[in-house]
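Containing mmCIF, C-alpha atoms: work_24.cif.
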data_final
#
loop_
_atom_site.label_atom_id
_atom_site.label_comp_id
_atom_site.auth_asym_id
_atom_site.auth_seq_id
_atom_site.Cartn_x
_atom_site.Cartn_y
_atom_site.Cartn_z
CA ASP X 1 -3.83 -0.02 24.41
CA ALA X 2 -3.25 -3.57 23.14
CA GLY X 3 -1.02 -2.41 20.32
CA VAL X 4 -1.51 -3.07 16.64
CA ILE X 5 -3.63 -6.15 16.15
CA GLN X 6 -3.49 -8.27 13.01
CA SER X 7 -5.62 -11.23 12.05
CA PRO X 8 -5.32 -13.99 11.23
CA ARG X 9 -1.83 -14.90 12.46
CA HIS X 10 -1.57 -17.65 9.89
CA GLU X 11 -3.46 -18.19 6.65
CA VAL X 12 -3.13 -21.11 4.28
CA THR X 13 -5.10 -20.90 1.09
CA GLU X 14 -5.21 -22.43 -2.34
CA MET X 15 -4.05 -20.62 -5.41
CA GLY X 16 -6.84 -18.57 -6.96
CA GLN X 17 -8.68 -17.96 -3.70
CA GLU X 18 -9.34 -14.54 -2.23
CA VAL X 19 -7.41 -13.66 0.91
CA THR X 20 -8.21 -10.84 3.32
CA LEU X 21 -5.79 -9.69 5.98
CA ARG X 22 -7.01 -7.44 8.78
CA CYS X 23 -5.43 -4.76 10.93
CA LYS X 24 -6.53 -2.69 13.90
CA PRO X 25 -4.13 0.21 14.49
CA ILE X 26 -3.40 1.83 17.83
CA SER X 27 -6.18 4.21 18.80
CA GLY X 28 -5.37 7.81 17.90
CA HIS X 29 -2.70 6.95 15.33
CA ASP X 30 -3.19 8.72 12.02
CA TYR X 31 -0.80 6.79 9.78
CA LEU X 32 -1.22 3.13 8.83
CA PHE X 33 1.26 1.14 6.76
CA TRP X 34 1.12 -2.30 5.14
CA TYR X 35 4.42 -4.11 4.59
CA ARG X 36 5.42 -7.46 3.17
CA GLN X 37 8.55 -9.21 4.43
CA THR X 38 10.64 -11.01 1.83
CA MET X 39 14.25 -12.20 1.86
CA MET X 40 15.20 -10.09 -1.14
CA ARG X 41 13.52 -6.81 -0.22
CA GLY X 42 13.24 -6.99 3.53
CA LEU X 43 10.22 -5.00 4.71
CA GLU X 44 8.65 -3.83 1.49
CA LEU X 45 6.14 -0.96 1.80
CA LEU X 46 2.95 -1.83 -0.06
CA ILE X 47 0.62 1.07 0.77
CA TYR X 48 0.07 3.65 3.46
CA PHE X 49 -2.88 5.69 4.70
CA ASN X 50 -3.09 9.04 6.46
CA ASN X 51 -6.34 9.81 8.27
CA ASN X 52 -7.95 6.80 6.55
CA VAL X 53 -7.05 8.10 3.06
CA PRO X 54 -4.70 6.03 0.86
CA ILE X 55 -1.72 8.26 0.09
CA ASP X 56 0.67 6.05 -1.82
CA ASP X 57 -0.02 2.58 -3.19
CA SER X 58 2.94 2.47 -5.56
CA GLY X 59 4.34 -0.51 -3.67
CA MET X 60 1.35 -2.72 -4.37
CA PRO X 61 2.83 -5.34 -6.66
CA GLU X 62 -0.17 -5.97 -8.90
CA ASP X 63 -3.82 -5.14 -9.39
CA ARG X 64 -4.60 -8.34 -7.53
CA PHE X 65 -3.72 -6.45 -4.35
CA SER X 66 -6.05 -3.89 -2.84
CA ALA X 67 -6.33 -2.18 0.53
CA LYS X 68 -9.01 -0.22 2.32
CA MET X 69 -9.36 1.74 5.51
CA PRO X 70 -13.08 2.36 6.07
CA ASN X 71 -12.50 3.98 9.46
CA ALA X 72 -9.73 4.95 11.85
CA SER X 73 -9.73 1.61 13.64
CA PHE X 74 -9.71 -0.92 10.80
CA SER X 75 -7.88 -1.69 7.58
CA THR X 76 -7.84 -4.65 5.20
CA LEU X 77 -5.40 -5.91 2.61
CA LYS X 78 -7.00 -8.15 0.02
CA ILE X 79 -5.39 -10.41 -2.57
CA GLN X 80 -7.66 -11.69 -5.29
CA PRO X 81 -6.80 -14.10 -6.82
CA SER X 82 -3.92 -15.29 -4.67
CA GLU X 83 -0.80 -16.92 -6.15
CA PRO X 84 1.99 -19.01 -4.57
CA ARG X 85 4.47 -16.11 -4.98
CA ASP X 86 2.31 -14.04 -2.63
CA SER X 87 3.41 -16.31 0.22
CA ALA X 88 5.14 -14.09 2.77
CA VAL X 89 4.64 -12.42 6.14
CA TYR X 90 2.49 -9.31 5.95
CA PHE X 91 2.81 -6.62 8.61
CA CYS X 92 0.66 -3.70 9.52
CA ALA X 93 2.09 -0.71 11.41
CA SER X 94 0.71 2.55 12.73
CA THR X 95 2.18 5.87 13.89
CA ASN X 96 1.08 9.04 15.58
CA GLY X 97 2.34 11.55 13.06
CA ARG X 98 5.52 11.47 11.01
CA ASN X 99 9.16 11.28 12.04
CA THR X 100 8.37 9.06 14.95
CA GLU X 101 8.44 5.36 15.71
CA ALA X 102 6.01 3.01 14.04
CA PHE X 103 4.36 0.24 16.03
CA PHE X 104 4.00 -3.09 14.32
CA GLY X 105 1.52 -5.90 14.64
CA GLN X 106 2.71 -9.48 14.96
CA GLY X 107 2.12 -10.12 11.27
CA THR X 108 0.12 -12.57 9.20
CA ARG X 109 2.01 -15.48 7.68
CA LEU X 110 0.34 -16.21 4.35
CA THR X 111 0.94 -19.46 2.51
CA VAL X 112 -0.62 -19.95 -0.90
CA VAL X 113 -0.45 -23.53 -2.16
CA ASP V 114 14.90 0.50 -6.52
CA GLN V 115 15.97 -0.05 -2.95
CA GLN V 116 16.17 3.39 -1.36
CA VAL V 117 17.37 2.02 1.98
CA LYS V 118 20.08 -0.59 1.66
CA GLN V 119 21.60 -2.96 4.17
CA ASN V 120 24.30 -4.67 2.17
CA SER V 121 25.34 -7.18 4.80
CA PRO V 122 22.74 -9.96 5.13
CA SER V 123 24.38 -11.34 8.25
CA LEU V 124 26.90 -10.57 10.98
CA ARG V 125 28.45 -12.82 13.63
CA VAL V 126 30.03 -11.30 16.73
CA GLN V 127 31.47 -12.67 19.96
CA GLU V 128 29.65 -11.85 23.17
CA GLY V 129 31.09 -8.74 24.79
CA ARG V 130 32.47 -7.33 21.55
CA ILE V 131 31.06 -4.50 19.46
CA SER V 132 28.46 -5.12 16.77
CA ILE V 133 28.33 -2.62 13.92
CA LEU V 134 25.39 -2.71 11.53
CA ASN V 135 25.43 -0.50 8.46
CA CYS V 136 22.80 1.14 6.31
CA ASP V 137 22.98 3.32 3.20
CA TYR V 138 20.25 5.43 1.66
CA THR V 139 19.80 7.18 -1.64
CA ASN V 140 17.06 9.76 -1.05
CA SER V 141 18.32 13.11 0.24
CA MET V 142 14.76 13.91 1.39
CA PHE V 143 14.99 11.34 4.17
CA ASP V 144 15.00 13.33 7.40
CA TYR V 145 14.48 10.83 10.22
CA PHE V 146 16.02 7.42 10.67
CA LEU V 147 15.20 4.46 12.85
CA TRP V 148 16.53 1.04 13.76
CA TYR V 149 14.25 -1.87 14.51
CA LYS V 150 14.92 -5.30 15.96
CA LYS V 151 12.94 -8.37 14.97
CA TYR V 152 12.77 -11.78 16.60
CA PRO V 153 11.29 -14.78 14.74
CA ALA V 154 7.48 -14.91 14.66
CA GLU V 155 7.20 -11.40 16.11
CA GLY V 156 6.70 -7.95 14.64
CA PRO V 157 9.64 -5.52 14.47
CA THR V 158 10.16 -3.42 17.59
CA PHE V 159 11.65 0.05 17.74
CA LEU V 160 15.19 0.34 19.02
CA ILE V 161 16.61 3.82 18.47
CA SER V 162 16.20 6.77 16.14
CA ILE V 163 18.03 9.86 14.92
CA SER V 164 16.97 13.09 13.29
CA SER V 165 18.84 14.37 10.25
CA ILE V 166 19.89 17.43 12.24
CA LYS V 167 22.03 15.24 14.50
CA ASP V 168 24.97 12.97 13.83
CA LYS V 169 24.80 10.75 16.90
CA ASN V 170 22.22 9.42 19.32
CA GLU V 171 22.95 7.12 22.23
CA ASP V 172 20.69 4.95 24.37
CA GLY V 173 22.42 2.60 26.75
CA ARG V 174 24.38 -0.01 24.79
CA PHE V 175 22.99 1.29 21.47
CA THR V 176 24.38 4.21 19.49
CA VAL V 177 23.33 5.35 16.05
CA PHE V 178 25.63 7.45 13.89
CA LEU V 179 24.50 9.45 10.88
CA ASN V 180 26.78 10.68 8.09
CA LYS V 181 24.56 12.77 5.85
CA SER V 182 27.22 13.59 3.29
CA ALA V 183 27.83 9.88 2.73
CA LYS V 184 24.12 9.03 3.13
CA HIS V 185 25.15 6.39 5.64
CA LEU V 186 24.10 5.40 9.12
CA SER V 187 25.30 2.75 11.48
CA LEU V 188 24.14 1.09 14.67
CA HIS V 189 26.73 0.20 17.29
CA ILE V 190 25.92 -2.28 20.06
CA VAL V 191 28.45 -2.37 22.90
CA PRO V 192 28.84 -4.80 24.54
CA SER V 193 26.97 -7.33 22.43
CA GLN V 194 24.91 -9.93 24.26
CA PRO V 195 23.43 -13.24 23.07
CA GLY V 196 19.94 -11.76 23.52
CA ASP V 197 20.81 -9.20 20.83
CA SER V 198 20.71 -11.98 18.23
CA ALA V 199 17.91 -10.93 15.88
CA VAL V 200 17.25 -9.31 12.51
CA TYR V 201 17.94 -5.57 12.50
CA PHE V 202 16.17 -3.26 10.10
CA CYS V 203 17.15 0.25 9.18
CA ALA V 204 14.29 2.61 8.25
CA ALA V 205 13.89 6.16 7.00
CA TRP V 206 11.06 8.68 6.85
CA ALA V 207 10.81 10.61 3.61
CA GLY V 208 9.91 14.12 4.73
CA ASN V 209 8.40 15.10 1.40
CA THR V 210 6.10 12.09 1.03
CA GLY V 211 5.37 10.69 4.49
CA LYS V 212 6.66 7.27 3.48
CA LEU V 213 8.45 5.08 6.01
CA ILE V 214 10.88 2.88 4.09
CA PHE V 215 12.81 -0.10 5.40
CA GLY V 216 15.96 -1.88 4.35
CA GLN V 217 16.45 -5.59 3.69
CA GLY V 218 17.61 -6.36 7.21
CA THR V 219 20.80 -7.78 8.73
CA THR V 220 20.76 -10.93 10.83
CA LEU V 221 22.99 -10.51 13.87
CA GLN V 222 24.23 -13.57 15.73
CA VAL V 223 26.03 -13.00 19.01
CA LYS V 224 27.97 -16.07 20.09
CA PRO V 225 28.40 -16.80 23.82
#
Step by step, read the file and then write its structure as structure tokens.
Amino acid sequence: DAGVIQSPRHEVTEMGQEVTLRCKPISGHDYLFWYRQTMMRGLELLIYFNNNVPIDDSGMPEDRFSAKMPNASFSTLKIQPSEPRDSAVYFCASTNGRNTEAFFGQGTRLTVV
Amino acid sequence: DQQVKQNSPSLRVQEGRISILNCDYTNSMFDYFLWYKKYPAEGPTFLISISSIKDKNEDGRFTVFLNKSAKHLSLHIVPSQPGDSAVYFCAAWAGNTGKLIFGQGTTLQVKP
């Protein structure tokens, strides 16, 4: 397996635009997590899915953020409208069950100008 | 509310010496703990883990210690090598919710 795949690697957008980040988890993994890396909070959990169902989205900072997982091999994180303070690195990770290691993608570096 | 805390943003150690990275947590429902290593422009990679039923786990130069009564874990790297220079994240699984929560990270610099 190629591991967790995120796209794009880099995204530069203007304030107010819609941004969509994409993630393909490892095949067979049943948990998918979206994180945002910031200096203050480290890896901040935004939302996670189990068997394609969103379980906890309490980490999503605002209603401008939304995430979907239409099938076991694809998830999106959308920001609409984007703001400069959303600039960060966003990571997707997947696991095969709980209490085990999570595998991370290489991240998407988002810059909102 | 930061449930997993790494209070030291950075640590500098001489090559060959021991590196000790610390992590505190607040949720007593956390039952599995992990350490990750992250290089710039890459995703975090798994290093070592420990179940809450153990107090120590060792893998080569890396040892993780868990003190449940103090809600504290630490990662020991002996001997430290320049290639260990990276950001280290502590993480915990919450058994009652299925959440995997990370700390703020500690940047380790190992000087040759």
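With only C-alpha atoms as the atoms that count, the residue of X:Asp56, X:Glu18, X:Glu11, X:Glu62 with the shortest distance to chain V is X:Asp56.
In plain terms, chain X touches chain V through Met40, Arg41, Gly42, Leu43, Glu44, Leu45, Arg98, Asn99, Glu101, Phe104, Gly105, Gln106 and Gly107 of chain X, where touching means an atom at most 7 Å away, counting only C-alpha atoms.
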Q. For this file, the PyMOL selection byres ((chain X and resi 7) around 7) selects which residues, as a PyMOL selection string?
A. chain X and resi 5-6+8-9+21-23+108
Using the chain letters and numbers from the file, which residues does the PyMOL selection byres ((chain X and resi 63) around 10) grab, as a PDB file with C-alpha atoms, keeping the file's coordinate frame?
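Done, and the output landed in part_15.pdb:
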ATOM      1  CA  MET X  60       1.350  -2.720  -4.370  1.00  0.00           C
ATOM      2  CA  PRO X  61       2.830  -5.340  -6.660  1.00  0.00           C
ATOM      3  CA  GLU X  62      -0.170  -5.970  -8.900  1.00  0.00           C
ATOM      4  CA  ARG X  64      -4.600  -8.340  -7.530  1.00  0.00           C
ATOM      5  CA  PHE X  65      -3.720  -6.450  -4.350  1.00  0.00           C
ATOM      6  CA  SER X  66      -6.050  -3.890  -2.840  1.00  0.00           C
ATOM      7  CA  ILE X  79      -5.390 -10.410  -2.570  1.00  0.00           C
ATOM      8  CA  GLN X  80      -7.660 -11.690  -5.290  1.00  0.00           C
ATOM      9  CA  PRO X  81      -6.800 -14.100  -6.820  1.00  0.00           C
TER      10      PRO X  81
END
Axis-aligned box over every listed atom of segment 75-93 of chain X, padded by 8 Å per side: centre and edges in Å to one decimal, as AutoDock Vina command-line options?
--center_x -1.4 --center_y -9.9 --center_z 2.3 --size_x 29.0 --size_y 34.3 --size_z 34.2
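Between atom CA of Leu77 of chain X and atom CA of Arg36 of chain X the separation is 10.9 Å.
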Any idea what's packed within 10 Å of His185 of chain V, counting all atoms listed in the file, ignoring anything in its chain fewer than 5 positions away? Could you give it as a PDB file with C-alpha atoms, in the frame of the given file?
ATOM      1  CA  VAL V 117      17.370   2.020   1.980  1.00  0.00           C
ATOM      2  CA  LYS V 118      20.080  -0.590   1.660  1.00  0.00           C
ATOM      3  CA  ASN V 135      25.430  -0.500   8.460  1.00  0.00           C
ATOM      4  CA  CYS V 136      22.800   1.140   6.310  1.00  0.00           C
ATOM      5  CA  ASP V 137      22.980   3.320   3.200  1.00  0.00           C
ATOM      6  CA  TYR V 138      20.250   5.430   1.660  1.00  0.00           C
ATOM      7  CA  THR V 139      19.800   7.180  -1.640  1.00  0.00           C
ATOM      8  CA  PHE V 178      25.630   7.450  13.890  1.00  0.00           C
ATOM      9  CA  LEU V 179      24.500   9.450  10.880  1.00  0.00           C
ATOM     10  CA  ASN V 180      26.780  10.680   8.090  1.00  0.00           C
TER      11      ASN V 180
END
(Q) Counting only C-alpha atoms, find residues at most 8 Å from (-5.9, 1.5, 11.7) (file frame) and give them as a ChimeraX atom specification. (A) /X:23-27,29-32,52,69,71-75,94
Take the residues just selected and output them with C-alpha atoms as a tab-separated table (two decimals), in the frame of the given file.
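Saved file again.tsv follows:
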chain	number	residue	atom	x	y	z
X	23	CYS	CA	-5.43	-4.76	10.93
X	24	LYS	CA	-6.53	-2.69	13.90
X	25	PRO	CA	-4.13	0.21	14.49
X	26	ILE	CA	-3.40	1.83	17.83
X	27	SER	CA	-6.18	4.21	18.80
X	29	HIS	CA	-2.70	6.95	15.33
X	30	ASP	CA	-3.19	8.72	12.02
X	31	TYR	CA	-0.80	6.79	9.78
X	32	LEU	CA	-1.22	3.13	8.83
X	52	ASN	CA	-7.95	6.80	6.55
X	69	MET	CA	-9.36	1.74	5.51
X	71	ASN	CA	-12.50	3.98	9.46
X	72	ALA	CA	-9.73	4.95	11.85
X	73	SER	CA	-9.73	1.61	13.64
X	74	PHE	CA	-9.71	-0.92	10.80
X	75	SER	CA	-7.88	-1.69	7.58
X	94	SER	CA	0.71	2.55	12.73
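Across the structure, atom CA of Ser198 of chain V and atom CA of Tyr152 of chain V are spaced 8.1 Å apart.
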Q: Would you work out the distance separating atom CA of Glu14 of chain X from atom CA of Phe91 of chain X, expressed in Å to one decimal?
A: 20.8 Å
**Q.** Val12 of chain X environment, 12 Å, all atoms listed in the file, sequence neighbours closer than 2 positions dropped, as a PyMOL selection string
**A.** chain X and resi 8-10+14-15+17-21+82-84+86-89+108-113
Q: Name all residues at most 12 Å from Pro192 of chain V (count only C-alpha atoms; drop same-chain ones fewer than 5 positions away) and give them as a ChimeraX atom specification.
A: /V:126-133,173-176,197,223
